[in-house]
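Visitor: So here's model.pdb (PDB, C-alpha atoms).
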```
MODEL        1
ATOM      1  CA  MET A   1     -80.698 -73.741-108.057
ATOM      2  CA  ASN A   2     -81.612 -76.743-105.932
ATOM      3  CA  ASP A   3     -82.803 -75.794-102.398
ATOM      4  CA  LYS A   4     -81.198 -78.919-100.902
ATOM      5  CA  LEU A   5     -77.858 -77.939-102.443
ATOM      6  CA  MET A   6     -78.132 -74.445-100.941
ATOM      7  CA  ILE A   7     -78.988 -75.850 -97.503
ATOM      8  CA  GLU A   8     -76.006 -78.213 -97.568
ATOM      9  CA  ALA A   9     -73.660 -75.442 -98.752
ATOM     10  CA  GLU A  10     -74.868 -73.091 -96.019
ATOM     11  CA  PHE A  11     -74.417 -75.849 -93.414
ATOM     12  CA  LEU A  12     -70.817 -76.328 -94.632
ATOM     13  CA  THR A  13     -70.226 -72.591 -94.164
ATOM     14  CA  HIS A  14     -71.759 -72.778 -90.682
ATOM     15  CA  LEU A  15     -69.444 -75.658 -89.743
ATOM     16  CA  LYS A  16     -66.365 -73.852 -91.061
ATOM     17  CA  ASP A  17     -67.334 -70.678 -89.186
ATOM     18  CA  ASN A  18     -67.887 -72.717 -86.030
ATOM     19  CA  LYS A  19     -64.481 -74.377 -86.443
ATOM     20  CA  THR A  20     -62.802 -70.972 -86.780
ATOM     21  CA  GLN A  21     -64.555 -69.716 -83.653
ATOM     22  CA  VAL A  22     -63.621 -72.820 -81.626
ATOM     23  CA  GLU A  23     -59.988 -72.601 -82.787
ATOM     24  CA  GLU A  24     -59.861 -68.952 -81.677
ATOM     25  CA  GLU A  25     -61.369 -69.866 -78.304
ATOM     26  CA  LEU A  26     -58.797 -72.662 -77.947
ATOM     27  CA  LYS A  27     -55.964 -70.193 -78.654
ATOM     28  CA  GLN A  28     -57.293 -67.894 -75.947
ATOM     29  CA  ILE A  29     -57.638 -70.748 -73.446
ATOM     30  CA  LYS A  30     -54.080 -71.932 -74.180
ATOM     31  CA  LYS A  31     -52.819 -68.391 -73.546
ATOM     32  CA  GLN A  32     -54.767 -68.242 -70.267
ATOM     33  CA  ILE A  33     -53.282 -71.589 -69.202
ATOM     34  CA  GLU A  34     -49.769 -70.353 -70.035
ATOM     35  CA  ASN A  35     -50.311 -67.156 -68.025
ATOM     36  CA  GLN A  36     -51.806 -69.052 -65.085
ATOM     37  CA  GLU A  37     -48.888 -71.534 -65.066
ATOM     38  CA  LYS A  38     -46.409 -68.643 -65.003
ATOM     39  CA  LYS A  39     -48.275 -67.030 -62.122
ATOM     40  CA  LEU A  40     -48.420 -70.295 -60.155
ATOM     41  CA  ILE A  41     -44.724 -71.034 -60.809
ATOM     42  CA  ASP A  42     -43.760 -67.595 -59.516
ATOM     43  CA  MET A  43     -45.873 -68.070 -56.393
ATOM     44  CA  MET A  44     -44.463 -71.546 -55.708
ATOM     45  CA  VAL A  45     -40.874 -70.381 -56.195
ATOM     46  CA  GLU A  46     -41.466 -67.385 -53.953
ATOM     47  CA  SER A  47     -42.955 -69.698 -51.290
ATOM     48  CA  GLU A  48     -40.111 -72.209 -51.823
ATOM     49  CA  LEU A  49     -42.597 -74.977 -52.591
ATOM     50  CA  GLN A  50     -41.606 -77.833 -54.889
ATOM     51  CA  ASN A  51     -45.140 -79.239 -54.736
ATOM     52  CA  PHE A  52     -48.406 -78.969 -52.843
ATOM     53  CA  LYS A  53     -51.778 -80.632 -52.735
ATOM     54  CA  GLY A  54     -54.742 -78.423 -53.598
ATOM     55  CA  LYS A  55     -58.198 -78.518 -52.014
ATOM     56  CA  ASN A  56     -59.349 -80.334 -55.152
ATOM     57  CA  GLY A  57     -57.045 -83.266 -54.270
ATOM     58  CA  ILE A  58     -54.682 -82.543 -57.153
ATOM     59  CA  THR A  59     -50.949 -82.338 -56.433
ATOM     60  CA  TYR A  60     -49.205 -79.468 -58.208
ATOM     61  CA  SER A  61     -45.452 -79.891 -58.778
ATOM     62  CA  LEU A  62     -42.711 -77.795 -60.301
ATOM     63  CA  LYS A  63     -41.098 -79.639 -63.200
ATOM     64  CA  THR A  64     -37.984 -78.527 -64.977
ATOM     65  CA  THR A  65     -37.395 -79.868 -68.455
ATOM     66  CA  VAL A  66     -34.270 -79.382 -70.520
ATOM     67  CA  ILE A  67     -35.177 -78.628 -74.134
ATOM     68  CA  PRO A  68     -32.306 -78.695 -76.613
ATOM     69  CA  ASN A  69     -32.428 -76.184 -79.425
ATOM     70  CA  VAL A  70     -30.258 -76.307 -82.518
ATOM     71  CA  LEU A  71     -29.951 -73.228 -84.696
ATOM     72  CA  ALA A  72     -30.801 -73.899 -88.344
ATOM     73  CA  GLU A  73     -27.226 -73.161 -89.450
ATOM     74  CA  ASN A  74     -25.930 -75.868 -87.071
ATOM     75  CA  LYS A  75     -28.291 -78.709 -88.070
ATOM     76  CA  VAL A  76     -25.905 -80.240 -90.615
ATOM     77  CA  ALA A  77     -23.053 -80.151 -88.084
ATOM     78  CA  LEU A  78     -25.288 -81.776 -85.449
ATOM     79  CA  VAL A  79     -26.293 -84.593 -87.803
ATOM     80  CA  GLU A  80     -22.673 -85.253 -88.739
ATOM     81  CA  ALA A  81     -21.529 -85.144 -85.105
ATOM     82  CA  LEU A  82     -24.210 -87.630 -84.051
ATOM     83  CA  LYS A  83     -23.392 -89.994 -86.930
ATOM     84  CA  GLU A  84     -19.641 -89.813 -86.281
ATOM     85  CA  ASN A  85     -20.117 -90.599 -82.599
ATOM     86  CA  GLY A  86     -22.311 -93.675 -82.992
ATOM     87  CA  TYR A  87     -25.745 -92.052 -82.722
ATOM     88  CA  ALA A  88     -26.880 -92.378 -86.339
ATOM     89  CA  GLY A  89     -30.074 -94.012 -85.055
ATOM     90  CA  LEU A  90     -31.203 -90.611 -83.762
ATOM     91  CA  VAL A  91     -30.961 -89.093 -87.226
ATOM     92  CA  LYS A  92     -33.998 -89.205 -89.489
ATOM     93  CA  GLU A  93     -33.672 -87.765 -92.946
ATOM     94  CA  GLU A  94     -37.059 -86.526 -94.056
ATOM     95  CA  VAL A  95     -38.676 -84.623 -96.858
ATOM     96  CA  ASN A  96     -41.237 -82.079 -95.700
ATOM     97  CA  ALA A  97     -44.627 -83.132 -97.089
ATOM     98  CA  GLN A  98     -45.805 -79.624 -97.986
ATOM     99  CA  THR A  99     -42.492 -78.752 -99.632
ATOM    100  CA  PHE A 100     -42.574 -81.986-101.650
ATOM    101  CA  LYS A 101     -46.198 -81.326-102.656
ATOM    102  CA  SER A 102     -45.181 -77.880-103.937
ATOM    103  CA  PHE A 103     -42.182 -79.364-105.744
ATOM    104  CA  VAL A 104     -44.350 -81.948-107.542
ATOM    105  CA  LYS A 105     -46.852 -79.228-108.513
ATOM    106  CA  GLU A 106     -44.096 -76.900-109.795
ATOM    107  CA  GLN A 107     -42.685 -79.717-111.918
ATOM    108  CA  GLY A 108     -46.087 -80.267-113.526
ATOM    109  CA  TRP A 109     -46.269 -83.920-112.463
ATOM    110  CA  GLU A 110     -50.027 -84.288-112.303
ATOM    111  CA  THR A 111     -50.305 -88.034-112.880
ATOM    112  CA  THR A 112     -48.189 -90.974-111.815
ATOM    113  CA  ASP A 113     -47.256 -91.490-115.497
ATOM    114  CA  GLU A 114     -45.658 -88.035-115.581
ATOM    115  CA  LEU A 115     -43.406 -88.667-112.589
ATOM    116  CA  PRO A 116     -39.754 -89.173-113.477
ATOM    117  CA  GLU A 117     -38.752 -92.826-113.616
ATOM    118  CA  TYR A 118     -36.702 -92.587-110.421
ATOM    119  CA  LEU A 119     -39.873 -91.658-108.481
ATOM    120  CA  GLN A 120     -42.466 -93.853-110.190
ATOM    121  CA  ASN A 121     -42.163 -96.850-107.861
ATOM    122  CA  ILE A 122     -41.673 -94.671-104.785
ATOM    123  CA  VAL A 123     -44.341 -91.982-105.014
ATOM    124  CA  SER A 124     -48.039 -92.370-105.665
ATOM    125  CA  LEU A 125     -50.311 -89.456-106.479
ATOM    126  CA  TYR A 126     -53.968 -89.080-105.649
ATOM    127  CA  GLU A 127     -56.498 -86.334-106.036
ATOM    128  CA  LYS A 128     -58.525 -84.891-103.196
ATOM    129  CA  THR A 129     -61.519 -82.747-104.009
ATOM    130  CA  THR A 130     -62.678 -80.170-101.484
ATOM    131  CA  ILE A 131     -65.079 -77.240-101.495
ATOM    132  CA  GLY A 132     -63.515 -73.791-101.699
ATOM    133  CA  THR A 133     -65.454 -70.927-100.140
ATOM    134  CA  ARG A 134     -64.998 -67.174 -99.960
ATOM    135  CA  ARG A 135     -66.971 -64.316 -98.517
ATOM    136  CA  SER A 136     -68.390 -61.783-100.921
TER     137      SER A 136
ENDMDL
END
```
For the file at hand, write its structure as structure tokens.
Guide:
Amino acid sequence: MNDKLMIEAEFLTHLKDNKTQVEEELKQIKKQIENQEKKLIDMMVESELQNFKGKNGITYSLKTTVIPNVLAENKVALVEALKENGYAGLVKEEVNAQTFKSFVKEQGWETTDELPEYLQNIVSLYEKTTIGTRRS
């Protein structure tokens, strides 16, 4: 086998391994940030501080954000309620890309010519070639 091909393949593996390592490090750093924020929030609340300026010149402030959460079984009711009360502009009907990709694959539509007529002028298909790897 071609030595250049082997070198390039091994470099691809090195890059993928490096990406995995960096992603793991990022997860750990995000967890550390979350823990440190919790600790600082507790200390500020205990000290009754809304904000303070650190020695580094950065001002640290408590922020409270309201985050709405809708249970999956209530999503249809929420959409209808918003539409009925003049907020239809907030509603976006979407098709999940991964779900649609799986649907197209399951249907065996591998070329644009095989798509049903109702999708032919709406959906385009393209192929993406990647390198699969596995450890032995």
Visitor: I'd like the neighbourhood of stretch 63-74 of chain A as a PyMOL selection string, where a residue qualifies if any of its atoms comes within 10 Å (using all atoms listed in the file), though same-chain residues fewer than 3 positions away should be ignored.
Guide: chain A and resi 41+50-51+60+77-79
Visitor: Could you jot down the atom CA of A:Thr59 to atom CA of A:Lys30 separation for me, Å, one decimal place?
Guide: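 Rounded to one decimal, the two atoms are 20.8 Å apart.
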Visitor: Enter the distance from atom CA of A:Gln36 to atom CA of A:Asp17, in Å, rounded to one decimal.
Guide: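 Taking atom CA of A:Gln36 as the start and atom CA of A:Asp17 as the end point, the length is 28.7 Å.
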Visitor: Write out as a list of chain:residue names the residues lying within 12 Å of A:Glu127, counting all atoms listed in the file and excluding same-chain residues fewer than 6 positions away.
Guide: A:Lys101, A:Glu110, A:Thr111, A:Thr112
Visitor: Out of A:Leu15, A:Leu115, A:Val76, A:Ile29, which residue has the shortest atom-to-atom distance to A:Phe103 when counting all atoms listed in the file?
Guide: A:Leu115
Visitor: With all heavy atoms as the goal, would you fill in the gaps in stretch 16-27 of chain A and present it as a compact mmCIF listing (two decimals), in the frame of the given file?
Guide:
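Saved result, out07.txt, follows:
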```
# COMPACT_ATOMS: atom_id res chain seq x y z
N LYS A 16 -67.68 -74.49 -90.94
CA LYS A 16 -66.36 -73.85 -91.06
C LYS A 16 -66.25 -72.63 -90.15
O LYS A 16 -65.23 -72.41 -89.51
CB LYS A 16 -66.07 -73.47 -92.51
CG LYS A 16 -65.76 -74.66 -93.39
CD LYS A 16 -65.38 -74.22 -94.79
CE LYS A 16 -64.91 -75.39 -95.63
NZ LYS A 16 -64.36 -74.95 -96.91
N ASP A 17 -67.32 -71.84 -90.08
CA ASP A 17 -67.33 -70.68 -89.19
C ASP A 17 -67.21 -71.13 -87.73
O ASP A 17 -66.48 -70.53 -86.94
CB ASP A 17 -68.61 -69.85 -89.37
CG ASP A 17 -68.65 -69.10 -90.68
OD1 ASP A 17 -67.59 -68.99 -91.34
OD2 ASP A 17 -69.75 -68.63 -91.05
N ASN A 18 -67.93 -72.18 -87.39
CA ASN A 18 -67.89 -72.72 -86.03
C ASN A 18 -66.49 -73.21 -85.70
O ASN A 18 -65.97 -72.96 -84.60
CB ASN A 18 -68.92 -73.84 -85.88
CG ASN A 18 -69.13 -74.24 -84.44
OD1 ASN A 18 -69.01 -73.42 -83.53
ND2 ASN A 18 -69.44 -75.49 -84.22
N LYS A 19 -65.85 -73.88 -86.65
CA LYS A 19 -64.48 -74.38 -86.44
C LYS A 19 -63.53 -73.21 -86.18
O LYS A 19 -62.70 -73.26 -85.27
CB LYS A 19 -64.02 -75.16 -87.68
CG LYS A 19 -62.59 -75.65 -87.58
CD LYS A 19 -62.16 -76.33 -88.88
CE LYS A 19 -60.69 -76.68 -88.80
NZ LYS A 19 -59.99 -76.46 -90.03
N THR A 20 -63.65 -72.15 -86.96
CA THR A 20 -62.80 -70.97 -86.78
C THR A 20 -63.00 -70.37 -85.40
O THR A 20 -62.05 -70.02 -84.71
CB THR A 20 -63.12 -69.92 -87.87
OG1 THR A 20 -62.86 -70.50 -89.15
CG2 THR A 20 -62.28 -68.67 -87.70
N GLN A 21 -64.25 -70.28 -84.97
CA GLN A 21 -64.56 -69.72 -83.65
C GLN A 21 -63.97 -70.59 -82.54
O GLN A 21 -63.36 -70.08 -81.60
CB GLN A 21 -66.07 -69.59 -83.49
CG GLN A 21 -66.48 -69.02 -82.14
CD GLN A 21 -67.99 -68.97 -81.97
OE1 GLN A 21 -68.75 -69.22 -82.90
NE2 GLN A 21 -68.42 -68.66 -80.77
N VAL A 22 -64.13 -71.90 -82.64
CA VAL A 22 -63.62 -72.82 -81.63
C VAL A 22 -62.09 -72.77 -81.58
O VAL A 22 -61.49 -72.78 -80.50
CB VAL A 22 -64.13 -74.26 -81.88
CG1 VAL A 22 -63.40 -75.27 -81.02
CG2 VAL A 22 -65.63 -74.34 -81.65
N GLU A 23 -61.45 -72.69 -82.75
CA GLU A 23 -59.99 -72.60 -82.79
C GLU A 23 -59.51 -71.32 -82.12
O GLU A 23 -58.49 -71.33 -81.41
CB GLU A 23 -59.49 -72.68 -84.23
CG GLU A 23 -59.58 -74.08 -84.81
CD GLU A 23 -59.26 -74.16 -86.30
OE1 GLU A 23 -59.31 -73.12 -87.00
OE2 GLU A 23 -58.97 -75.27 -86.77
N GLU A 24 -60.22 -70.22 -82.32
CA GLU A 24 -59.86 -68.95 -81.68
C GLU A 24 -60.04 -69.06 -80.16
O GLU A 24 -59.19 -68.60 -79.40
CB GLU A 24 -60.70 -67.80 -82.25
CG GLU A 24 -60.31 -66.45 -81.72
CD GLU A 24 -58.85 -66.08 -81.92
OE1 GLU A 24 -58.29 -66.38 -83.00
OE2 GLU A 24 -58.26 -65.49 -81.00
N GLU A 25 -61.14 -69.67 -79.74
CA GLU A 25 -61.37 -69.87 -78.30
C GLU A 25 -60.26 -70.74 -77.70
O GLU A 25 -59.78 -70.46 -76.60
CB GLU A 25 -62.74 -70.50 -78.06
CG GLU A 25 -63.90 -69.57 -78.31
CD GLU A 25 -65.25 -70.26 -78.23
OE1 GLU A 25 -65.35 -71.38 -77.69
OE2 GLU A 25 -66.24 -69.67 -78.71
N LEU A 26 -59.86 -71.78 -78.42
CA LEU A 26 -58.80 -72.66 -77.95
C LEU A 26 -57.49 -71.90 -77.79
O LEU A 26 -56.77 -72.06 -76.80
CB LEU A 26 -58.62 -73.85 -78.89
CG LEU A 26 -57.55 -74.86 -78.50
CD1 LEU A 26 -57.81 -75.47 -77.13
CD2 LEU A 26 -57.44 -75.95 -79.57
N LYS A 27 -57.18 -71.02 -78.76
CA LYS A 27 -55.96 -70.19 -78.65
C LYS A 27 -56.00 -69.34 -77.39
O LYS A 27 -55.01 -69.22 -76.68
CB LYS A 27 -55.82 -69.27 -79.88
CG LYS A 27 -55.12 -69.88 -81.05
CD LYS A 27 -54.69 -68.78 -82.00
CE LYS A 27 -55.51 -68.82 -83.25
NZ LYS A 27 -55.16 -67.79 -84.23
```
